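Asks: I am sharing protein26.json, which consists of JSON, C-alpha atoms and all ligand atoms:
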```json
[["chain", "number", "residue", "atom", "x", "y", "z"],
["A", 1427, "MET", "CA", -90.87, 31.80, 8.66],
["A", 1428, "ILE", "CA", -88.93, 34.96, 7.88],
["A", 1429, "VAL", "CA", -87.26, 36.79, 10.79],
["A", 1430, "LYS", "CA", -86.13, 40.38, 10.65],
["A", 1431, "GLN", "CA", -84.13, 41.69, 13.59],
["A", 1432, "ILE", "CA", -84.42, 45.46, 13.87],
["A", 1433, "TRP", "CA", -81.74, 47.43, 15.71],
["A", 1434, "THR", "CA", -83.28, 50.51, 17.30],
["A", 1435, "ALA", "CA", -79.94, 52.25, 18.01],
["A", 1436, "ASN", "CA", -81.49, 53.72, 21.18],
["A", 1437, "ALA", "CA", -79.80, 54.15, 24.57],
["A", 1438, "TYR", "CA", -81.35, 50.92, 25.91],
["A", 1439, "ARG", "CA", -79.96, 48.97, 22.95],
["A", 1440, "ASN", "CA", -83.33, 47.35, 22.13],
["A", 1441, "PHE", "CA", -83.84, 44.82, 19.38],
["A", 1442, "ASN", "CA", -87.31, 44.71, 17.80],
["A", 1443, "TYR", "CA", -88.40, 41.84, 15.55],
["A", 1444, "LEU", "CA", -90.71, 41.15, 12.66],
["A", 1445, "ILE", "CA", -91.75, 37.55, 12.01],
["A", 1446, "ALA", "CA", -93.48, 37.05, 8.68],
["A", 1447, "CYS", "CA", -95.27, 34.34, 6.74],
["A", 1448, "GLY", "CA", -93.59, 33.99, 3.34],
["A", 1449, "GLU", "CA", -96.88, 32.98, 1.69],
["A", 1450, "THR", "CA", -99.33, 35.62, 2.91],
["A", 1451, "GLY", "CA", -97.00, 38.47, 3.92],
["A", 1452, "GLU", "CA", -98.71, 38.75, 7.31],
["A", 1453, "ALA", "CA", -96.29, 39.74, 10.06],
["A", 1454, "LEU", "CA", -96.07, 39.79, 13.84],
["A", 1455, "ALA", "CA", -94.05, 42.56, 15.51],
["A", 1456, "ILE", "CA", -92.26, 41.70, 18.76],
["A", 1457, "ASP", "CA", -91.86, 44.62, 21.21],
["A", 1458, "PRO", "CA", -91.95, 47.24, 18.41],
["A", 1459, "LEU", "CA", -90.70, 50.17, 20.47],
["A", 1460, "ASP", "CA", -89.28, 51.81, 17.38],
["A", 1461, "HIS", "CA", -92.59, 51.60, 15.54],
["A", 1462, "GLU", "CA", -91.33, 53.77, 12.71],
["A", 1463, "LYS", "CA", -88.38, 51.51, 11.93],
["A", 1464, "CYS", "CA", -90.63, 48.45, 12.21],
["A", 1465, "LEU", "CA", -93.29, 49.94, 9.93],
["A", 1466, "LYS", "CA", -90.69, 50.98, 7.38],
["A", 1467, "ALA", "CA", -89.10, 47.52, 7.40],
["A", 1468, "ALA", "CA", -92.53, 45.94, 6.88],
["A", 1469, "ARG", "CA", -93.34, 48.35, 4.06],
["A", 1470, "ASP", "CA", -90.01, 47.64, 2.34],
["A", 1471, "GLU", "CA", -90.75, 43.90, 2.42],
["A", 1472, "GLY", "CA", -94.39, 44.27, 1.44],
["A", 1473, "TRP", "CA", -95.54, 42.82, 4.77],
["A", 1474, "ASN", "CA", -98.71, 43.60, 6.68],
["A", 1475, "ILE", "CA", -98.32, 43.78, 10.47],
["A", 1476, "THR", "CA", -101.43, 42.15, 11.98],
["A", 1477, "GLN", "CA", -100.20, 41.30, 15.49],
["A", 1478, "ILE", "CA", -97.99, 42.83, 18.17],
["A", 1479, "LEU", "CA", -96.45, 40.57, 20.80],
["A", 1480, "ASN", "CA", -95.11, 42.11, 23.99],
["A", 1481, "THR", "CA", -92.70, 39.78, 25.78],
["A", 1482, "HIS", "CA", -93.40, 41.73, 28.99],
["A", 1483, "GLU", "CA", -94.81, 44.95, 30.34],
["A", 1484, "HIS", "CA", -91.74, 47.22, 30.55],
["A", 1485, "ARG", "CA", -92.09, 50.50, 28.73],
["A", 1486, "ASP", "CA", -89.07, 49.96, 26.48],
["A", 1487, "HIS", "CA", -90.97, 46.98, 25.04],
["A", 1488, "THR", "CA", -94.54, 48.33, 24.94],
["A", 1489, "GLY", "CA", -93.89, 51.99, 24.14],
["A", 1490, "GLY", "CA", -94.51, 51.56, 20.40],
["A", 1491, "ASN", "CA", -97.86, 49.75, 20.74],
["A", 1492, "GLU", "CA", -100.19, 52.70, 20.51],
["A", 1493, "ALA", "CA", -98.66, 54.25, 17.41],
["A", 1494, "MET", "CA", -98.41, 50.90, 15.66],
["A", 1495, "VAL", "CA", -102.02, 49.97, 16.40],
["A", 1496, "LYS", "CA", -103.10, 53.35, 15.04],
["A", 1497, "LYS", "CA", -101.28, 52.71, 11.76],
["A", 1498, "THR", "CA", -102.05, 49.00, 11.32],
["A", 1499, "GLY", "CA", -104.96, 47.99, 13.55],
["A", 1500, "ALA", "CA", -102.76, 45.14, 14.81],
["A", 1501, "LYS", "CA", -103.94, 43.07, 17.79],
["A", 1502, "ILE", "CA", -101.84, 43.16, 20.98],
["A", 1503, "LEU", "CA", -100.82, 39.83, 22.57],
["A", 1504, "ALA", "CA", -99.10, 39.43, 25.94],
["A", 1505, "HIS", "CA", -98.96, 37.30, 29.10],
["A", 1506, "LYS", "CA", -102.35, 36.82, 30.71],
["A", 1507, "ASN", "CA", -101.17, 38.50, 33.92],
["A", 1508, "ALA", "CA", -100.07, 41.63, 32.03],
["A", 1509, "ARG", "CA", -103.69, 42.70, 31.41],
["A", 1510, "ASP", "CA", -103.63, 45.48, 33.99],
["A", 1511, "LYS", "CA", -100.15, 46.60, 32.90],
["A", 1512, "ILE", "CA", -100.40, 46.77, 29.09],
["A", 1513, "ALA", "CA", -103.07, 49.03, 27.61],
["A", 1514, "GLY", "CA", -105.30, 47.63, 24.87],
["A", 1515, "MET", "CA", -104.36, 43.95, 25.18],
["A", 1516, "ASP", "CA", -106.46, 41.83, 22.81],
["A", 1517, "ARG", "CA", -105.22, 38.33, 23.57],
["A", 1518, "ALA", "CA", -104.06, 36.91, 26.90],
["A", 1519, "LEU", "CA", -101.40, 34.22, 26.52],
["A", 1520, "SER", "CA", -100.71, 31.14, 28.65],
["A", 1521, "ALA", "CA", -98.00, 28.47, 28.45],
["A", 1522, "GLY", "CA", -98.56, 26.15, 25.48],
["A", 1523, "ASP", "CA", -100.73, 28.57, 23.48],
["A", 1524, "VAL", "CA", -99.88, 28.80, 19.80],
["A", 1525, "VAL", "CA", -99.57, 32.13, 17.98],
["A", 1526, "LYS", "CA", -100.14, 31.77, 14.22],
["A", 1527, "VAL", "CA", -98.77, 34.22, 11.67],
["A", 1528, "GLY", "CA", -100.32, 33.85, 8.21],
["A", 1529, "LYS", "CA", -100.50, 30.28, 6.93],
["A", 1530, "THR", "CA", -97.03, 28.97, 7.62],
["A", 1531, "VAL", "CA", -95.78, 30.25, 10.97],
["A", 1532, "GLU", "CA", -96.57, 28.75, 14.37],
["A", 1533, "LEU", "CA", -95.00, 30.09, 17.55],
["A", 1534, "GLU", "CA", -95.40, 28.35, 20.89],
["A", 1535, "VAL", "CA", -95.83, 30.46, 24.03],
["A", 1536, "LEU", "CA", -93.49, 29.75, 26.95],
["A", 1537, "ASP", "CA", -94.42, 31.24, 30.32],
["A", 1538, "THR", "CA", -91.02, 32.48, 31.53],
["A", 1539, "PRO", "CA", -91.16, 34.42, 34.81],
["A", 1540, "GLY", "CA", -88.07, 35.95, 36.41],
["A", 1541, "HIS", "CA", -87.30, 39.29, 34.74],
["A", 1542, "THR", "CA", -90.93, 40.12, 35.45],
["A", 1543, "MET", "CA", -93.69, 37.79, 36.61],
["A", 1544, "SER", "CA", -95.66, 38.24, 33.38],
["A", 1545, "HIS", "CA", -93.05, 37.48, 30.75],
["A", 1546, "VAL", "CA", -93.46, 35.21, 27.71],
["A", 1547, "CYS", "CA", -90.95, 33.84, 25.21],
["A", 1548, "LEU", "CA", -91.95, 32.52, 21.78],
["A", 1549, "LEU", "CA", -90.52, 29.30, 20.38],
["A", 1550, "SER", "CA", -90.90, 28.70, 16.64],
["A", 1551, "HIS", "CA", -92.21, 25.38, 15.36],
["A", 1552, "THR", "CA", -89.59, 25.29, 12.60],
["A", 1553, "ASP", "CA", -87.01, 22.56, 11.88],
["A", 1554, "GLN", "CA", -84.36, 24.77, 13.39],
["A", 1555, "ARG", "CA", -86.08, 26.25, 16.41],
["A", 1556, "ALA", "CA", -85.82, 29.96, 17.16],
["A", 1557, "LEU", "CA", -86.44, 31.49, 20.59],
["A", 1558, "PHE", "CA", -87.60, 35.09, 20.95],
["A", 1559, "CYS", "CA", -86.66, 35.59, 24.56],
["A", 1560, "GLY", "CA", -87.26, 39.27, 25.45],
["A", 1561, "ASP", "CA", -85.39, 40.14, 28.64],
["A", 1562, "THR", "CA", -85.19, 36.58, 30.02],
["A", 1563, "LEU", "CA", -82.10, 35.31, 28.22],
["A", 1564, "PHE", "CA", -79.55, 37.58, 26.57],
["A", 1565, "ASN", "CA", -76.51, 36.64, 24.53],
["A", 1566, "ALA", "CA", -74.05, 35.63, 27.26],
["A", 1567, "GLY", "CA", -76.37, 36.89, 30.00],
["A", 1568, "ALA", "CA", -79.64, 36.80, 31.91],
["A", 1569, "GLY", "CA", -82.30, 39.41, 32.60],
["A", 1570, "ASN", "CA", -82.17, 41.45, 35.80],
["A", 1571, "CYS", "CA", -84.92, 41.19, 38.41],
["A", 1572, "HIS", "CA", -85.05, 44.84, 39.54],
["A", 1573, "ASN", "CA", -88.45, 45.87, 38.24],
["A", 1574, "GLY", "CA", -91.05, 43.32, 39.21],
["A", 1575, "GLY", "CA", -88.95, 40.19, 38.83],
["A", 1576, "HIS", "CA", -87.67, 37.40, 41.05],
["A", 1577, "PRO", "CA", -84.23, 35.67, 40.89],
["A", 1578, "GLU", "CA", -85.59, 32.31, 42.12],
["A", 1579, "GLU", "CA", -88.18, 32.31, 39.34],
["A", 1580, "LEU", "CA", -85.54, 33.29, 36.78],
["A", 1581, "TYR", "CA", -83.43, 30.31, 37.87],
["A", 1582, "LYS", "CA", -86.44, 27.99, 37.52],
["A", 1583, "THR", "CA", -87.11, 29.36, 34.03],
["A", 1584, "PHE", "CA", -83.48, 28.82, 33.00],
["A", 1585, "SER", "CA", -83.11, 25.34, 34.46],
["A", 1586, "GLY", "CA", -86.63, 24.05, 33.89],
["A", 1587, "GLN", "CA", -87.35, 25.45, 30.43],
["A", 1588, "LEU", "CA", -84.53, 27.17, 28.54],
["A", 1589, "ALA", "CA", -81.82, 24.62, 29.32],
["A", 1590, "LYS", "CA", -84.05, 21.86, 27.89],
["A", 1591, "LEU", "CA", -84.55, 23.38, 24.43],
["A", 1592, "PRO", "CA", -82.71, 21.83, 21.43],
["A", 1593, "SER", "CA", -79.04, 22.81, 21.16],
["A", 1594, "SER", "CA", -79.47, 24.31, 17.70],
["A", 1595, "THR", "CA", -82.19, 26.76, 18.84],
["A", 1596, "LEU", "CA", -81.42, 30.28, 17.56],
["A", 1597, "ILE", "CA", -81.45, 32.97, 20.26],
["A", 1598, "TYR", "CA", -83.15, 36.32, 19.55],
["A", 1599, "PRO", "CA", -82.98, 38.53, 22.68],
["A", 1600, "GLY", "CA", -84.64, 41.87, 23.42],
["A", 1601, "HIS", "CA", -81.41, 43.87, 23.77],
["A", 1602, "ASP", "CA", -77.88, 43.95, 22.39],
["A", 1603, "TYR", "CA", -75.78, 43.40, 25.51],
["A", 1604, "ILE", "CA", -73.39, 40.81, 24.10],
["A", 1605, "GLU", "CA", -70.12, 42.69, 24.54],
["A", 1606, "ASN", "CA", -70.68, 43.70, 28.15],
["A", 1607, "ASN", "CA", -72.06, 40.26, 29.01],
["A", 1608, "LEU", "CA", -69.04, 38.47, 27.53],
["A", 1609, "ARG", "CA", -66.81, 40.68, 29.67],
["A", 1610, "PHE", "CA", -68.81, 39.56, 32.71],
["A", 1611, "THR", "CA", -68.43, 35.89, 31.67],
["A", 1612, "LEU", "CA", -64.66, 36.40, 31.41],
["A", 1613, "SER", "CA", -64.54, 38.12, 34.80],
["A", 1614, "ARG", "CA", -66.13, 34.99, 36.29],
["A", 1615, "GLU", "CA", -64.34, 32.45, 34.12],
["A", 1616, "PRO", "CA", -61.07, 33.91, 32.75],
["A", 1617, "ASP", "CA", -60.13, 30.58, 31.13],
["A", 1618, "ASN", "CA", -63.27, 30.45, 28.96],
["A", 1619, "ASP", "CA", -61.64, 30.43, 25.50],
["A", 1620, "ASP", "CA", -64.98, 30.32, 23.66],
["A", 1621, "ALA", "CA", -66.09, 33.54, 25.36],
["A", 1622, "ARG", "CA", -62.74, 35.21, 24.60],
["A", 1623, "LYS", "CA", -62.88, 34.21, 20.93],
["A", 1624, "LEU", "CA", -66.45, 35.42, 20.60],
["A", 1625, "LEU", "CA", -65.59, 38.74, 22.25],
["A", 1626, "ASP", "CA", -62.80, 39.21, 19.68],
["A", 1627, "LYS", "CA", -65.36, 38.55, 16.95],
["A", 1628, "VAL", "CA", -68.33, 40.64, 18.17],
["A", 1629, "GLY", "CA", -66.62, 43.25, 20.35],
["A", 1630, "ASP", "CA", -67.01, 45.93, 17.69],
["A", 1631, "GLN", "CA", -69.93, 44.43, 15.76],
["A", 1632, "ASP", "CA", -72.53, 46.55, 14.00],
["A", 1633, "PRO", "CA", -75.72, 45.72, 15.94],
["A", 1634, "ALA", "CA", -77.68, 46.27, 12.73],
["A", 1635, "LYS", "CA", -76.02, 43.04, 11.54],
["A", 1636, "ALA", "CA", -75.83, 41.36, 14.91],
["A", 1637, "PHE", "CA", -74.37, 37.95, 15.53],
["A", 1638, "VAL", "CA", -77.06, 35.34, 16.27],
["A", 1639, "SER", "CA", -76.09, 32.64, 18.76],
["A", 1640, "THR", "CA", -77.55, 29.21, 19.44],
["A", 1641, "LEU", "CA", -78.46, 27.62, 22.74],
["A", 1642, "ASP", "CA", -75.47, 25.32, 22.35],
["A", 1643, "MET", "CA", -73.19, 28.34, 22.13],
["A", 1644, "GLU", "CA", -74.88, 29.98, 25.11],
["A", 1645, "ARG", "CA", -74.05, 26.86, 27.14],
["A", 1646, "GLN", "CA", -70.37, 27.60, 26.40],
["A", 1647, "ILE", "CA", -70.28, 31.38, 26.86],
["A", 1648, "ASN", "CA", -73.16, 32.31, 29.17],
["A", 1649, "THR", "CA", -72.20, 32.22, 32.87],
["A", 1650, "PHE", "CA", -75.82, 31.56, 33.81],
["A", 1651, "PHE", "CA", -75.62, 28.18, 32.02],
["A", 1652, "ARG", "CA", -72.17, 27.35, 33.44],
["A", 1653, "LEU", "CA", -73.21, 26.61, 36.98],
["A", 1654, "THR", "CA", -71.00, 23.53, 37.37],
["A", 1655, "SER", "CA", -67.79, 25.01, 35.90],
["A", 1656, "PRO", "CA", -64.97, 24.53, 38.44],
["A", 1657, "THR", "CA", -63.53, 27.96, 37.57],
["A", 1658, "VAL", "CA", -66.90, 29.68, 38.01],
["A", 1659, "ILE", "CA", -67.34, 28.02, 41.41],
["A", 1660, "ALA", "CA", -63.76, 28.74, 42.55],
["A", 1661, "LYS", "CA", -64.06, 32.42, 41.56],
["A", 1662, "LEU", "CA", -67.44, 32.63, 43.24],
["A", 1663, "ARG", "CA", -65.89, 31.41, 46.48],
["A", 1664, "GLU", "CA", -63.53, 34.41, 46.43],
["A", 1665, "ALA", "CA", -66.62, 36.65, 46.67],
["A", 1666, "PHE", "CA", -68.63, 34.33, 48.94],
["A", 1667, "PRO", "CA", -66.20, 32.45, 51.25],
["A", 1668, "ASP", "CA", -69.09, 30.54, 52.86],
["A", 1669, "LEU", "CA", -70.01, 28.84, 49.58],
["A", 1670, "PRO", "CA", -70.38, 25.07, 50.23],
["A", 1671, "GLU", "CA", -67.79, 22.61, 48.88],
["A", 1672, "LYS", "CA", -70.19, 21.46, 46.15],
["A", 1673, "PRO", "CA", -72.77, 24.22, 45.77],
["A", 1674, "ASP", "CA", -76.04, 23.33, 44.06],
["A", 1675, "GLN", "CA", -76.79, 25.00, 40.75],
["A", 1676, "ARG", "CA", -79.53, 27.17, 42.21],
["A", 1677, "THR", "CA", -77.10, 28.68, 44.72],
["A", 1678, "VAL", "CA", -74.50, 29.37, 42.02],
["A", 1679, "PHE", "CA", -77.10, 30.99, 39.76],
["A", 1680, "LEU", "CA", -78.43, 33.26, 42.52],
["A", 1681, "LYS", "CA", -74.93, 34.34, 43.60],
["A", 1682, "LEU", "CA", -73.97, 35.09, 39.98],
["A", 1683, "ARG", "CA", -77.16, 37.15, 39.54],
["A", 1684, "GLU", "CA", -76.20, 39.08, 42.69],
["A", 1685, "LEU", "CA", -72.65, 39.71, 41.44],
["A", 1686, "ARG", "CA", -73.91, 40.79, 38.03],
["A", 1687, "ASN", "CA", -76.11, 43.43, 39.70],
["A", 1688, "ALA", "CA", -73.09, 44.95, 41.40],
["A", 1689, "TRP", "CA", -70.73, 44.57, 38.41],
["A", 1701, "ZN", "ZN", -87.57, 44.55, 30.69]]
```
Could you render the structure from this file as structure tokens?
Replies:
Amino acid sequence: MIVKQIWTANAYRNFNYLIACGETGEALAIDPLDHEKCLKAARDEGWNITQILNTHEHRDHTGGNEAMVKKTGAKILAHKNARDKIAGMDRALSAGDVVKVGKTVELEVLDTPGHTMSHVCLLSHTDQRALFCGDTLFNAGAGNCHNGGHPEELYKTFSGQLAKLPSSTLIYPGHDYIENNLRFTLSREPDNDDARKLLDKVGDQDPAKAFVSTLDMERQINTFFRLTSPTVIAKLREAFPDLPEKPDQRTVFLKLRELRNAW
């Protein structure tokens, strides 16, 4: 499996991805908003884009579909409940489905509601797993729930699915928000040395050569995985004085999501 992360350099800070089979040169494009950059990258590598995967229905993820289909004839894949939201969908995906790219690449579909209610992530069946997580999980952050999402569902996705993936899983999100998100982590947990060190390292990174984290690292630097940290809970109590003595993880997650919205 060959992964190419494509920095769009647009105002929304989108990342697009190409995933290719090294044997056949067939490629899948994830959320190819910047269809021109994606097509050029494929051309440069000698790849043939045969499938488009939309992680969810938002326009900054689907806006490149039409132009890319026109150029390549690629099939569009997305969550089964996105049928009435994404034009020209060819394949409706459910949890556990496998998306094949060429001969060598297999990607497992995870049904991951929260940011929207028809959101999928792809998990590679490689020795070192890779997760293409759209707007569900970001480096040091979590997706918002403003446009068709639900915080309770996002919590269930984090705790029930993402948190259980292997520690070494590589994280490939739909946007470059790492700097701002690390600042939020540090606002909630000022004594988080790992977050501070990483901010020093990536604070002025070139997103065209973006740092790629692992799930293990996210557990250290992502507030939405640090629901039992005494500092996170103590700081949260400053904002929510009624917080119980030992709040459950769901409560902490939902309060953090609320604070992040206002931050
Ligand atoms: Zn979105």
Asks: At a cut-off of 10 Å, using all atoms listed in the file, what residues contact Leu1680 in chain A? Leave out same-chain residues fewer than 6 positions from it and give the result as a list in words.
Replies: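 Surrounding residues, per the criterion: Pro1577, Glu1578, Leu1580, Tyr1581, Phe1650 and Arg1686 of chain A.
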Asks: Counting only C-alpha atoms, which of A:Asn1607, A:Gly1567, A:Ser1550, A:Thr1498 gets nearest to Gly1522 in chain A?
Replies: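 Closest to Gly1522 in chain A of all the choices is A:Ser1550.
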Asks: Which residues are near Ile1432 in chain A? Cut-off 10 Å, all atoms listed in the file, ignore same chain within fewer than 4 positions. Put them as a VMD selection string.
Replies: chain A and resid 1440 to 1444 1456 1458 1460 1463 to 1464 1467 1633 to 1636
Asks: Neighbours of ligand ZN 1701 (chain A) within 8 Å, counting only C-alpha atoms and all ligand atoms, as a ChimeraX atom specification?
Replies: /A:1482-1487,1541-1542,1560-1561,1569,1573
Asks: Trp1473 in chain A: which residues within 12 Å, counting all atoms listed in the file, same-chain residues fewer than 2 positions away excluded, as an NGL selection string?
Replies: :A and (1428-1430 or 1444-1455 or 1464-1471 or 1475-1477 or 1498 or 1527-1528)
Asks: Quick one: residues within 6 Å of (-96.8, 41.2, 33.5) (file frame), counting all atoms listed in the file, please, as a PyMOL selection string.
Replies: chain A and resi 1482-1483+1507-1508+1543-1545
Asks: Please determine an axis-aligned box that encloses all atoms of range 1638-1645 of chain A listed in the file, with 4 Å added on each side, and express its centre and edge lengths in Å to one decimal as JSON.
Replies:
```
{"center_x": -75.8, "center_y": 30.3, "center_z": 21.7, "size_x": 13.3, "size_y": 18.0, "size_z": 18.9}
```
Asks: Pick out the residues sitting within 7 Å of Thr1583 in chain A, and hand them over as a PyMOL selection string; count only C-alpha atoms, and ignore anything fewer than 4 positions along from it in its own chain.
Replies: chain A and resi 1538-1539+1579+1587-1588
Asks: So which residues touch Asn1606 in chain A within 12 Å, counting all atoms listed in the file, skipping near sequence neighbours fewer than 2 positions away, as a list in words?
Replies: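 Returned residues: Arg1439, Phe1564, Asn1565, Ala1566, Gly1567, Ala1568, His1601, Asp1602, Tyr1603, Ile1604, Leu1608, Arg1609, Phe1610, Thr1611, Leu1612, Ser1613, Ala1621, Leu1624, Leu1625, Val1628, Gly1629, Asp1630, Asn1648, Arg1686 and Trp1689 of chain A.
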Asks: Which residues of range 1574-1599 of chain A come within 9 Å of range 1651-1664 of chain A, and what is each one's closest atom pair and distance in Å (one decimal), counting all atoms listed in the file, sorted by chain and residue number, as a Markdown table?
Replies:
```
| residue | atom | partner | partner_atom | distance |
| --- | --- | --- | --- | --- |
| A:Phe1584 | CA | A:Phe1651 | CA | 7.9 |
| A:Ser1585 | CA | A:Phe1651 | CA | 8.4 |
| A:Ala1589 | CA | A:Phe1651 | CA | 7.6 |
```
Asks: Using only C-alpha atoms, find the one residue out of A:Ser1520, A:Thr1434, A:Asn1687, A:Gln1675 that sits nearest to Glu1534 in chain A.
Replies: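 Among the listed residues, A:Ser1520 lies closest to Glu1534 in chain A.
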Asks: Work out how far CA of Phe1679 in chain A is from CA of Ser1594 in chain A, in Å to one decimal.
Replies: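 It comes out at 23.2 Å.
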Asks: What is the distance, in Å and to one decimal place, between CA of His1505 in chain A and CA of Ala1493 in chain A?
Replies: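 That distance, rounded to one decimal, is 20.6 Å.
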Asks: With distances taken over all atoms listed in the file, which residue among A:Thr1595, A:Cys1547, A:Thr1530, A:His1461 lies nearest Leu1503 in chain A?
Replies: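 Once distances to Leu1503 in chain A are computed over all atoms listed in the file, the minimum belongs to A:Cys1547.
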Asks: With distances taken over only C-alpha atoms, which of A:Asp1617, A:Arg1622, A:Thr1562, A:Thr1552 is nearest to Pro1592 in chain A?
Replies: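 Using only C-alpha atoms, the shortest distance to Pro1592 in chain A belongs to A:Thr1552.
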Asks: Could you check the closest approach to His1576 in chain A for each of A:Glu1684, A:Glu1644, A:Glu1605, A:Asp1626 and tell me which residue wins, using all atoms listed in the file?
Replies: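 Nearest candidate to His1576 in chain A out of A:Glu1684, A:Glu1644, A:Glu1605, A:Asp1626: A:Glu1684.
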Asks: Using all atoms listed in the file for the distances, tell me which of A:Asp1516, A:Pro1616, A:Val1531, A:Asp1510 is nearest to Val1495 in chain A.
Replies: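 Using all atoms listed in the file, the shortest distance to Val1495 in chain A belongs to A:Asp1516.
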Asks: Please compute the CA of Asn1480 in chain A-CA of Ala1504 in chain A distance, one decimal, in Å.
Replies: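 Separating CA of Asn1480 in chain A from CA of Ala1504 in chain A is a distance of 5.2 Å.
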